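target.txt (compact mmCIF, C-alpha atoms)
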# COMPACT_ATOMS: atom_id res chain seq x y z
CA MET A 28 153.78 64.35 -37.19
CA SER A 29 154.04 61.17 -35.19
CA THR A 30 152.20 61.20 -31.87
CA SER A 31 155.27 59.73 -30.19
CA THR A 32 157.34 62.93 -30.78
CA THR A 33 154.74 65.75 -30.77
CA THR A 34 154.27 66.02 -27.04
CA TYR A 35 153.04 69.00 -25.05
CA ASN A 36 156.62 69.83 -24.04
CA VAL A 37 157.70 69.80 -27.71
CA ILE A 38 154.98 72.29 -28.71
CA ILE A 39 155.90 74.68 -25.86
CA LYS A 40 159.53 74.45 -26.93
CA ARG A 41 158.50 75.35 -30.52
CA PHE A 42 156.72 78.48 -29.23
CA GLU A 43 159.89 79.44 -27.38
CA ASP A 44 161.99 78.76 -30.52
CA PHE A 45 159.72 81.11 -32.47
CA ALA A 46 160.12 83.88 -29.88
CA THR A 47 163.90 83.41 -29.75
CA ALA A 48 164.24 83.56 -33.54
CA HIS A 49 161.99 86.64 -33.99
CA PRO A 50 164.10 89.82 -33.85
CA LEU A 51 161.30 91.95 -32.32
CA ILE A 52 160.45 89.66 -29.37
CA ASN A 53 162.71 90.23 -26.33
CA ARG A 54 161.18 87.86 -23.76
CA PHE A 55 159.25 84.56 -23.66
CA THR A 56 157.45 83.05 -20.64
CA TYR A 57 155.12 80.14 -20.03
CA GLY A 58 152.60 79.42 -17.29
CA THR A 59 150.10 81.64 -15.51
CA ILE A 60 150.15 85.33 -16.35
CA GLN A 61 151.21 86.15 -12.79
CA GLU A 62 154.37 84.15 -13.28
CA GLY A 63 155.25 86.15 -16.40
CA ASP A 64 154.18 89.66 -15.31
CA ILE A 65 157.11 90.61 -13.12
CA GLY A 66 159.04 93.83 -12.39
CA LYS A 67 159.52 96.87 -14.53
CA SER A 68 163.05 95.75 -15.33
CA CYS A 69 161.67 93.18 -17.76
CA THR A 70 162.38 93.60 -21.44
CA TYR A 71 159.63 94.09 -24.02
CA PRO A 72 157.93 93.23 -26.39
CA TRP A 73 156.91 90.11 -24.46
CA MET A 74 155.37 86.81 -25.62
CA HIS A 75 153.55 84.65 -23.08
CA VAL A 76 151.96 81.18 -23.51
CA ALA A 77 149.41 79.90 -21.01
CA PRO A 78 148.03 76.30 -20.96
CA SER A 79 144.47 75.85 -22.14
CA SER A 80 142.96 72.51 -23.26
CA THR A 81 143.57 69.44 -25.46
CA ASN A 82 140.83 67.63 -27.39
CA TYR A 83 141.00 64.22 -29.13
CA ASP A 84 139.14 62.92 -32.20
CA ASP A 85 139.57 60.16 -34.77
CA GLY A 86 142.98 60.67 -36.36
CA GLN A 87 143.78 64.00 -34.68
CA ARG A 88 144.61 65.80 -31.44
CA GLY A 89 143.88 69.50 -30.94
CA MET A 90 146.15 71.35 -28.49
CA SER A 91 144.92 74.84 -27.43
CA PHE A 92 147.05 77.65 -25.95
CA ASP A 93 146.29 81.20 -24.78
CA ILE A 94 148.87 83.45 -26.47
CA LEU A 95 149.68 87.00 -25.36
CA PHE A 96 151.92 89.65 -26.95
CA ALA A 97 152.44 92.82 -24.83
CA ASP A 98 154.61 95.92 -24.56
CA LEU A 99 155.12 98.70 -22.01
CA VAL A 100 153.64 102.15 -22.75
CA ARG A 101 156.63 104.51 -22.50
CA ASP A 102 155.33 107.84 -23.77
CA LYS A 103 152.94 109.08 -21.09
CA ASP A 104 152.59 112.48 -22.74
CA ASP A 105 151.01 110.90 -25.81
CA LYS A 106 149.73 107.66 -24.30
CA PRO A 107 146.82 106.95 -26.75
CA GLU A 108 149.07 107.21 -29.78
CA ASN A 109 151.70 104.96 -28.12
CA GLU A 110 149.03 102.37 -27.20
CA LYS A 111 147.76 102.34 -30.77
CA GLU A 112 151.25 101.63 -32.11
CA ILE A 113 151.77 98.84 -29.53
CA ILE A 114 148.46 97.15 -30.46
CA SER A 115 149.42 97.33 -34.16
CA ASP A 116 152.90 95.91 -33.53
CA CYS A 117 151.64 93.11 -31.25
CA SER A 118 148.93 92.20 -33.77
CA GLN A 119 151.67 91.81 -36.37
CA LEU A 120 153.66 89.57 -34.00
CA PHE A 121 150.54 87.40 -33.49
CA GLU A 122 150.09 87.15 -37.27
CA ASP A 123 153.78 86.18 -37.67
CA LEU A 124 153.17 83.29 -35.25
CA LEU A 125 150.06 82.14 -37.15
CA ALA A 126 151.92 82.24 -40.49
CA THR A 127 154.77 80.20 -39.02
CA ILE A 128 152.42 77.49 -37.73
CA GLU A 129 150.47 77.37 -41.00
CA ASN A 130 153.31 77.45 -43.54
CA ASN A 131 156.54 76.44 -41.77
CA THR A 132 157.61 73.03 -40.48
CA LEU A 133 158.64 74.39 -37.05
CA PHE A 134 155.60 72.76 -35.45
CA GLY A 135 155.75 69.65 -37.67
CA ASP A 136 154.91 68.75 -41.27
CA ASN A 137 151.30 67.88 -40.41
CA ALA A 138 150.52 70.70 -37.98
CA LEU A 139 147.36 72.63 -38.93
CA LEU A 140 145.76 75.72 -37.48
CA GLN A 141 142.16 75.37 -36.34
CA LYS A 142 140.32 78.36 -37.81
CA PRO A 143 138.87 80.96 -37.33
CA ILE A 144 141.16 82.62 -34.78
CA THR A 145 140.20 85.70 -32.76
CA ILE A 146 142.65 88.10 -31.09
CA THR A 147 141.54 90.80 -28.61
CA PRO A 148 143.45 94.01 -27.77
CA PHE A 149 143.87 95.09 -24.12
CA LEU A 150 144.97 98.37 -22.47
CA ASN A 151 146.54 99.14 -19.06
CA SER A 152 146.46 95.53 -17.94
CA PHE A 153 148.49 93.53 -15.46
CA THR A 154 150.88 94.88 -12.82
CA ASN A 155 152.88 97.02 -15.22
CA ASN A 156 149.89 98.49 -17.12
CA LEU A 157 150.78 96.71 -20.34
CA THR A 158 149.10 97.05 -23.74
CA GLY A 159 148.87 94.33 -26.42
CA VAL A 160 146.74 91.57 -27.88
CA GLU A 161 145.74 88.07 -26.77
CA GLY A 162 143.98 85.09 -28.36
CA THR A 163 143.59 81.33 -28.28
CA VAL A 164 145.48 79.18 -30.82
CA THR A 165 144.56 75.54 -31.44
CA ILE A 166 147.06 73.36 -33.32
CA GLU A 167 145.71 70.13 -34.86
CA LEU A 168 148.16 67.20 -35.02
CA ASP A 169 147.96 63.59 -36.23
CA TYR A 170 146.90 61.13 -33.56
CA THR A 171 146.24 57.39 -33.83
CA PHE A 172 145.51 56.23 -30.27
CA ASP A 173 148.66 54.12 -30.63
CA PHE A 174 148.66 51.40 -27.98
CA CYS A 175 152.09 50.12 -29.04
CA SER A 176 153.76 53.02 -27.27
CA VAL A 177 151.93 52.37 -23.97
CA PRO A 178 154.58 51.06 -21.50
CA VAL A 179 152.41 48.37 -19.91
CA ASP A 180 152.23 44.59 -20.31
CA PHE A 181 148.76 43.09 -19.92
CA ASN A 182 148.93 39.28 -19.85
CA LEU A 183 145.22 38.50 -19.92
CA ASN A 184 145.82 34.77 -20.46
CA ILE A 185 147.25 34.18 -16.99
CA PRO A 186 144.60 33.00 -14.51
CA THR A 187 143.86 35.20 -11.52
CA SER A 188 143.91 32.10 -9.31
CA GLY A 189 145.69 28.77 -9.51
CA GLY A 190 144.22 25.69 -11.14
CA GLN A 191 143.14 24.64 -14.61
CA GLY A 192 140.19 26.53 -16.02
CA GLY A 193 140.66 29.55 -13.77
CA GLY A 194 141.93 31.88 -16.55
CA VAL A 195 140.89 33.21 -19.94
CA LEU A 196 142.36 30.28 -21.92
CA THR A 197 140.90 26.76 -21.86
CA PHE A 198 143.50 23.98 -22.08
CA ASP A 199 142.37 20.74 -23.70
CA ASP A 200 143.86 17.58 -25.21
CA SER A 201 147.67 17.51 -24.89
CA LEU A 202 148.05 20.87 -23.10
CA ASN A 203 147.91 21.05 -19.31
CA LEU A 204 147.85 24.13 -17.06
CA SER A 205 149.30 24.08 -13.57
CA GLY A 206 149.21 27.52 -11.97
CA THR A 207 150.88 29.71 -14.56
CA SER A 208 152.77 26.85 -16.29
CA VAL A 209 151.63 25.09 -19.48
CA THR A 210 152.99 21.59 -20.21
CA LEU A 211 152.49 18.74 -22.74
CA ASP A 212 151.42 15.25 -21.85
CA ASN A 213 154.51 13.07 -21.39
CA ASP A 214 156.80 15.99 -22.26
CA VAL A 215 160.58 15.69 -22.05
CA ASP A 216 163.12 18.47 -21.68
CA THR A 217 165.42 17.50 -24.57
CA PRO A 218 163.79 15.30 -27.27
CA GLY A 219 166.18 13.99 -29.95
CA ASN A 220 166.75 15.67 -33.34
CA ASP A 221 164.69 13.05 -35.19
CA TYR A 222 161.80 13.05 -32.73
CA TYR A 223 158.23 14.18 -33.27
CA TYR A 224 155.39 14.71 -30.82
CA GLY A 225 152.42 12.44 -31.44
CA THR A 226 150.95 9.10 -30.46
CA ASP A 227 152.23 5.55 -30.70
CA ALA A 228 150.31 2.47 -31.84
CA THR A 229 148.40 2.39 -28.54
CA GLY A 230 147.38 6.07 -28.75
CA THR A 231 149.75 7.18 -25.99
CA LYS A 232 150.95 10.78 -26.41
CA GLY A 233 154.63 11.64 -26.24
CA TRP A 234 157.87 12.16 -28.19
CA TYR A 235 158.73 9.41 -30.72
CA THR A 236 161.47 8.88 -33.30
CA LEU A 237 160.80 9.41 -37.00
CA PRO A 238 160.61 6.28 -39.23
CA THR A 239 163.89 4.76 -40.41
CA GLY A 240 165.42 6.68 -43.32
CA GLY A 241 164.41 10.10 -42.13
CA GLY A 242 160.75 9.74 -43.09
CA THR A 243 161.14 8.41 -46.66
CA PRO A 244 157.72 7.17 -47.93
CA SER A 245 157.21 3.44 -48.24
CA GLY A 246 154.48 1.11 -49.38
CA PRO A 247 152.40 0.91 -52.58
CA ALA A 248 151.99 4.04 -54.73
CA GLY A 249 148.62 5.34 -55.89
CA GLY A 250 147.06 7.88 -58.23
CA ASP A 251 148.93 8.12 -61.54
CA LEU A 252 151.86 6.22 -60.01
CA THR A 253 152.38 2.47 -59.82
CA GLY A 254 154.84 0.28 -57.95
CA THR A 255 156.09 0.90 -54.42
CA TYR A 256 157.96 3.71 -52.70
CA PRO A 257 160.65 4.91 -52.73
CA ASP A 258 160.82 4.19 -56.53
CA PRO A 259 157.33 4.29 -58.09
CA THR A 260 156.82 4.83 -61.84
CA VAL A 261 154.32 6.92 -63.80
CA HIS A 262 151.81 4.73 -65.61
CA ARG A 263 149.06 7.26 -66.46
CA VAL A 264 148.37 11.00 -66.80
CA HIS A 265 145.08 12.42 -65.53
CA GLY A 266 143.92 8.88 -64.96
CA VAL A 267 144.55 7.77 -68.60
CA ASP A 268 146.89 4.78 -68.98
CA PHE A 269 149.97 4.67 -71.22
CA GLN A 270 150.32 2.02 -73.91
CA SER A 271 152.90 -0.60 -72.97
CA GLY A 272 156.20 -0.93 -74.80
CA THR A 273 159.06 1.40 -75.68
CA PRO A 274 158.52 4.24 -78.20
CA SER A 275 160.59 4.27 -81.40
CA ASP A 276 162.44 7.21 -82.93
CA ASN A 277 160.24 10.14 -84.00
CA GLU A 278 157.14 8.73 -82.32
CA VAL A 279 154.91 10.89 -80.15
CA TRP A 280 152.34 10.16 -77.46
CA ILE A 281 148.81 10.71 -78.73
CA TYR A 282 145.46 9.90 -77.14
CA LYS A 283 143.28 7.35 -78.93
CA GLY A 284 139.71 7.34 -77.75
CA SER A 285 139.00 3.89 -79.19
CA ALA A 286 141.68 2.34 -77.02
CA ALA A 287 141.24 4.97 -74.29
CA LYS A 288 145.02 5.18 -73.82
CA TRP A 289 148.01 7.38 -74.56
CA GLN A 290 149.66 5.57 -77.51
CA HIS A 291 153.13 6.09 -79.00
CA GLN A 292 153.20 6.27 -82.81
CA HIS A 293 154.20 8.32 -85.83
CA ILE A 294 151.75 11.09 -86.76
CA HIS A 295 149.31 9.97 -89.47
CA ALA A 296 147.84 12.23 -92.09
CA SER A 297 144.44 11.79 -90.44
CA GLU A 298 145.81 13.51 -87.29
CA VAL A 299 147.03 16.56 -89.24
CA THR A 300 144.67 19.42 -90.09
CA ASN A 301 145.38 20.68 -93.62
CA ASP A 302 143.65 22.46 -96.47
CA SER A 303 144.75 20.15 -99.28
CA GLN A 304 142.48 17.12 -98.61
CA VAL A 305 145.52 14.86 -98.93
CA THR A 306 145.44 11.13 -98.28
CA GLY A 307 148.06 8.72 -97.05
CA THR A 308 149.23 6.87 -93.97
CA ASN A 309 152.19 9.09 -93.07
CA VAL A 310 152.40 12.84 -93.44
CA ASP A 311 155.35 12.71 -95.86
CA ASP A 312 153.41 10.24 -98.06
CA ALA A 313 150.35 12.45 -97.91
CA LEU A 314 152.27 15.50 -99.09
CA ASP A 315 153.50 13.52 -102.10
CA HIS A 316 149.88 13.37 -103.26
CA LEU A 317 149.81 17.06 -104.09
CA HIS A 318 149.75 16.25 -107.81
CA THR A 319 148.26 17.95 -110.86
CA THR A 320 144.67 17.08 -109.93
CA LYS A 321 144.89 19.24 -106.81
CA GLU A 322 144.32 22.98 -106.99
CA PRO A 323 147.31 24.84 -105.53
CA THR A 324 146.75 26.58 -102.21
CA ILE A 325 149.00 29.35 -100.95
CA THR A 326 148.80 29.83 -97.19
CA ALA A 327 148.41 33.38 -95.95
CA GLY A 328 151.81 34.89 -95.19
CA THR A 329 153.69 32.26 -97.25
CA THR A 330 155.98 33.72 -99.89
CA SER A 331 158.60 31.00 -100.09
CA GLN A 332 157.14 28.94 -102.98
CA TYR A 333 155.32 29.47 -106.28
CA TRP A 334 153.15 27.31 -108.54
CA ARG A 335 154.79 26.78 -111.91
CA GLY A 336 153.09 26.34 -115.24
CA ASP A 337 153.82 22.61 -115.08
CA LYS A 338 151.62 22.40 -111.97
CA SER A 339 154.33 21.70 -109.43
CA TRP A 340 155.55 23.58 -106.36
CA GLN A 341 159.01 25.09 -106.82
CA THR A 342 161.34 27.10 -104.64
CA LEU A 343 160.44 30.76 -104.94
CA TYR A 344 162.60 33.00 -107.07
CA ASN A 345 162.07 36.72 -106.56
CA THR A 346 158.95 35.94 -104.47
CA SER A 347 156.90 35.36 -107.63
CA ILE A 348 154.61 33.10 -109.61
CA GLN A 349 156.45 32.30 -112.80
CA SER A 350 155.21 30.87 -116.08
CA SER A 351 156.82 30.37 -119.41
CA ILE A 352 155.71 31.00 -123.00
CA ILE A 353 159.12 30.11 -124.38
CA GLY A 354 158.94 28.74 -127.87
CA THR A 355 155.59 30.33 -128.60
CA THR A 356 155.68 32.87 -131.40
CA ILE A 357 153.07 35.54 -131.87
CA THR A 358 153.19 35.90 -135.64
CA VAL A 359 153.69 39.35 -137.12
CA GLN A 360 150.58 40.01 -139.22
CA ALA A 361 149.08 42.75 -141.34
CA SER A 362 147.58 44.39 -138.25
CA PRO A 363 148.20 44.24 -134.44
CA ILE A 364 147.23 40.92 -132.81
CA THR A 365 146.01 40.28 -129.25
CA ARG A 366 146.56 36.98 -127.43
CA TYR A 367 146.04 35.61 -123.87
CA HIS A 368 148.15 33.31 -121.73
CA ALA A 369 148.05 31.78 -118.23
CA ILE A 370 149.81 29.09 -116.18
CA ALA A 371 150.39 25.88 -118.19
CA GLY A 372 148.37 27.21 -121.09
CA ALA A 373 149.14 27.93 -124.70
CA VAL A 374 148.73 31.37 -126.22
CA THR A 375 145.13 31.78 -127.31
CA SER A 376 142.88 34.42 -128.79
CA SER A 377 140.09 33.56 -126.34
CA THR A 378 139.48 36.11 -123.62
CA VAL A 379 138.39 33.51 -121.02
CA ALA A 380 140.14 30.28 -121.96
CA TYR A 381 142.98 30.67 -119.47
CA GLN A 382 141.58 32.83 -116.69
CA VAL A 383 142.98 31.23 -113.52
CA PRO A 384 140.98 31.57 -110.25
CA LEU A 385 142.96 32.65 -107.20
CA PRO A 386 142.25 30.62 -104.03
CA MET A 387 142.30 33.56 -101.63
CA ALA A 388 142.52 37.34 -101.46
CA CYS A 389 145.92 38.69 -102.50
CA THR A 390 147.83 41.53 -104.15
CA ILE A 391 149.81 41.10 -107.40
CA SER A 392 152.78 43.42 -108.03
CA ASN A 393 156.39 43.51 -109.32
CA PHE A 394 155.57 42.32 -112.86
CA HIS A 395 158.64 41.06 -114.80
CA PHE A 396 158.74 40.12 -118.50
CA ARG A 397 161.91 38.77 -120.06
CA THR A 398 162.31 38.46 -123.86
CA TYR A 399 164.70 36.22 -125.77
CA GLY A 400 164.42 37.82 -129.21
CA THR A 401 164.49 41.31 -130.69
CA GLN A 402 161.17 43.10 -131.04
CA PRO A 403 160.41 44.08 -134.67
CA ASN A 404 161.29 47.68 -135.39
CA ASN A 405 157.91 48.87 -136.62
CA GLY A 406 155.73 48.16 -133.57
CA SER A 407 155.75 47.71 -129.80
CA PHE A 408 154.84 44.68 -127.67
CA VAL A 409 152.48 45.23 -124.68
CA ALA A 410 151.95 42.76 -121.80
CA THR A 411 149.14 43.42 -119.27
CA ILE A 412 147.83 41.43 -116.28
CA GLN A 413 144.05 41.13 -116.32
CA LYS A 414 141.61 40.69 -113.42
CA ASN A 415 138.39 38.89 -114.30
CA GLY A 416 139.13 39.57 -117.99
CA VAL A 417 139.65 43.32 -117.47
CA ASP A 418 143.00 45.14 -117.74
CA THR A 419 144.68 46.22 -114.49
CA ALA A 420 147.23 49.00 -114.14
CA ILE A 421 150.03 46.39 -114.19
CA THR A 422 151.49 46.61 -117.69
CA ILE A 423 154.83 46.54 -119.56
CA THR A 424 155.45 48.08 -122.99
CA ILE A 425 158.44 46.83 -124.99
CA ALA A 426 159.34 49.42 -127.57
CA ALA A 427 159.86 48.60 -131.24
CA GLY A 428 163.36 47.32 -131.98
CA SER A 429 164.12 46.51 -128.30
CA ALA A 430 166.79 43.86 -127.85
CA ALA A 431 166.30 40.83 -125.61
CA ASN A 432 166.10 42.03 -122.02
CA THR A 433 164.12 41.94 -118.75
CA PHE A 434 161.39 44.58 -118.57
CA LEU A 435 159.78 45.60 -115.26
CA ASP A 436 156.68 47.23 -113.79
CA THR A 437 157.51 47.70 -110.10
CA THR A 438 155.19 50.67 -109.63
CA ASN A 439 151.69 49.32 -110.20
CA SER A 440 149.76 46.65 -108.28
CA ALA A 441 146.27 45.15 -108.23
CA THR A 442 144.20 43.56 -105.46
CA PHE A 443 142.26 40.36 -106.00
CA ALA A 444 139.50 38.80 -103.90
CA ALA A 445 139.18 35.04 -103.43
CA ASN A 446 138.02 33.36 -106.69
CA ASP A 447 138.90 36.41 -108.81
CA THR A 448 140.71 35.31 -111.99
CA TRP A 449 143.87 36.53 -113.63
CA GLN A 450 145.49 36.02 -117.01
CA LEU A 451 148.18 37.62 -119.16
CA LYS A 452 147.11 39.70 -122.17
CA VAL A 453 149.75 40.42 -124.84
CA ILE A 454 149.42 42.66 -127.90
CA GLN A 455 151.87 42.46 -130.79
CA ASN A 456 151.74 45.80 -132.56
CA ALA A 457 154.41 44.91 -135.14
CA ILE A 458 152.97 44.34 -138.63
CA THR A 459 153.98 42.35 -141.72
CA GLY A 460 157.25 43.37 -143.18
CA ALA A 461 158.85 44.20 -139.91
CA SER A 462 162.37 43.01 -139.33
CA PRO A 463 163.49 41.08 -137.42
CA THR A 464 160.66 38.61 -136.67
CA ALA A 465 159.44 38.17 -133.06
CA SER A 466 159.95 34.66 -131.72
CA SER A 467 160.51 32.86 -128.42
CA LEU A 468 158.78 35.61 -126.53
CA GLY A 469 160.18 34.67 -123.09
CA THR A 470 159.06 34.28 -119.49
CA TYR A 471 157.11 36.38 -117.03
CA SER A 472 156.73 36.49 -113.23
CA PHE A 473 155.06 38.58 -110.56
CA LYS A 474 154.84 38.81 -106.79
CA ILE A 475 151.80 37.59 -104.85
CA THR A 476 151.27 38.95 -101.33
CA MET A 477 148.65 37.29 -99.17
Mind converting the file's structure to structure tokens?
Amino acid sequence: MSTSTTTYNVIIKRFEDFATAHPLINRFTYGTIQEGDIGKSCTYPWMHVAPSSTNYDDGQRGMSFDILFADLVRDKDDKPENEKEIISDCSQLFEDLLATIENNTLFGDNALLQKPITITPFLNSFTNNLTGVEGTVTIELDYTFDFCSVPVDFNLNIPTSGGQGGGVLTFDDSLNLSGTSVTLDNDVDTPGNDYYYGTDATGTKGWYTLPTGGGTPSGPAGGDLTGTYPDPTVHRVHGVDFQSGTPSDNEVWIYKGSAAKWQHQHIHASEVTNDSQVTGTNVDDALDHLHTTKEPTITAGTTSQYWRGDKSWQTLYNTSIQSSIIGTTITVQASPITRYHAIAGAVTSSTVAYQVPLPMACTISNFHFRTYGTQPNNGSFVATIQKNGVDTAITITIAAGSAANTFLDTTNSATFAANDTWQLKVIQNAITGASPTASSLGTYSFKITM
């Protein structure tokens, strides 16, 4: 609770509010006990609050009160039993008060009871021979020693006697103190809108007009600027000069250490980092040198082109590397025949002749094989992708007698490390006498994922 609202009067009023709201308390008084203990016509049970003490500590204020709950003994024939009941009832009233302070917001959100609390019974006390209980309650409240709420105005900077230097402040340079008044040298009551306080060419202090043009800079420019104000031009960046002349279309500014200047020019191949070791003056010329003597390089994440069997980059179809063995016939013989094929290579019986190294780690999948002739009807045709000369799980079997079609293996895949090799292995299981004859075997493709 804020210290500005939790005053002593407020706390006393909260005690009275508690007594008023409690159905078993018939009277509330505050002050000395003599002021509350009046004639027999008073109503009971009675709650009385007497002032005690207030203590202050960092962040809190403790307000103590002597609290009394009392009732009149009415049954004189059985006085001890009546006194016992009164002490029990008054103890319960005291506990109701403690519970309200501790758990209710009547005394404020931040009100806390200081514990432990002791209550003491009394018998045949005061003018009317009352019985009850009494104890001291201390309520702890937030307190910040807030000076802002103090209704005083201390002006410690005003001298106690007239004359400069007689107060707390020391006035030097342009400020002058006369009694309690502070003035500027050569001050005027109403300087113009475009005036400033300073010195003139002779060092005299006073109010002077701003330069013509509202203070626009003039004179030679410096730093990375050249020319004169108000229209200087940029002639360097971070102290490095620009090359003279006007840039042409598609030129960029690039720093040349040999000339120690920012120069405007087209980008040369020597200024482009690439993995193809290309040569040429311009970048477009350099890219034209990716010819058949250069090993193809597929950049990680690139799936928009493939390297054809004729050693040229082509637009990607079905995200694949495609090669052709069109026109090559695997002759039907007396027994099954195995052959190998790779990019730009002829069909061969060698197991290593056309193993192609891959430039980086990748995954091969989605194997397609398209035929252009009918497979002989007494044997199948099997196409398998090999890794380092060993069969992978990627394979397609074309059954005997199958008509020209596209055959797929979209289930299996194989991973390759950089410099692993791949090649296509085909087995013709048709034998002599089969009809029709296999010819123009077709094309194949597969997907490479970097």
> What is the CA of Ile146 (chain A)-CA of Ala46 (chain A) distance in Å, reported with one decimal?
Replying inline: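 Going from CA of Ile146 (chain A) over to CA of Ala46 (chain A), I get 18.0 Å.
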> Can you tell me, as a list in words, which residues sit within 10 Å of (157.4, 83.5, -22.7) in the file's frame, using all atoms listed in the file?
Replying inline: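 Those residues, ordered by chain and then number, are Ile39, Phe42, Glu43, Ala46, Thr47, Ile52, Asn53, Arg54, Phe55, Thr56, Tyr57, Gly58, Ile60, Glu62, Gly63, Trp73, Met74, His75, Val76, Ala77, Ile94, Leu95 and Phe96 of chain A.
Between CA of Gln402 (chain A) and CA of Asn432 (chain A) the separation is 10.3 Å.
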> Near Lys452 (chain A), counting all atoms listed in the file, which residues have an atom at most 7 Å away, once you skip same-chain residues fewer than 2 positions from it, shown as a VMD selection string?
Replying inline: chain A and resid 366 to 368 410 to 413 450 454
For the selection you just gave me, I'd like the residues written to a file as a short mmCIF file (atom, residue, chain, number, x, y, z; two decimals), in the coordinates of the input, keeping C-alpha atoms.
data_model
loop_
_atom_site.label_atom_id
_atom_site.label_comp_id
_atom_site.auth_asym_id
_atom_site.auth_seq_id
_atom_site.Cartn_x
_atom_site.Cartn_y
_atom_site.Cartn_z
CA ARG A 366 146.56 36.98 -127.43
CA TYR A 367 146.04 35.61 -123.87
CA HIS A 368 148.15 33.31 -121.73
CA ALA A 410 151.95 42.76 -121.80
CA THR A 411 149.14 43.42 -119.27
CA ILE A 412 147.83 41.43 -116.28
CA GLN A 413 144.05 41.13 -116.32
CA GLN A 450 145.49 36.02 -117.01
CA ILE A 454 149.42 42.66 -127.90
#
> Mind pulling up the distance from CA of Lys232 (chain A) to CA of Ala248 (chain A)?
Replying inline: 29.1 Å
> Which is closest to Val164 (chain A) among A:Ser152, A:Thr81, A:Gln455, A:Thr236, if we use all atoms listed in the file?
Replying inline: A:Thr81
> So which one's closest to Phe443 (chain A), A:Ala430, A:Met477, A:Leu150, A:Ala420? Using all atoms listed in the file, please.
Replying inline: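 With all atoms listed in the file as the atom set, the closest residue is A:Met477.
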> Between A:Asp258, A:Thr132, A:Arg101, A:Ile166, which one has atoms that come closest to Gly246 (chain A), using all atoms listed in the file?
Replying inline: A:Asp258
>> Residues within 12 Å of Gly266 (chain A), please, as a PyMOL selection string. Count all atoms listed in the file; anything in the same chain fewer than 3 positions from it doesn't count.
In response: chain A and resi 249-253+261-263+269+287-289
>> I need the residue nearest Leu133 (chain A) from this list: A:Thr398, A:Ser80, A:Thr171, A:Thr33. Use all atoms listed in the file for the distance.
In response: A:Thr33
>> Every residue with an atom at most 12 Å from (156.0, 14.1, -21.2) (file coordinates; all atoms listed in the file) is what I'm after, so could you write them as a list in words?
In response: Ser201, Leu202, Asn203, Val209, Thr210, Leu211, Asp212, Asn213, Asp214, Val215, Asp216, Thr217, Pro218, Tyr224, Gly225, Thr226, Thr231, Lys232, Gly233, Trp234 and Tyr235 of chain A
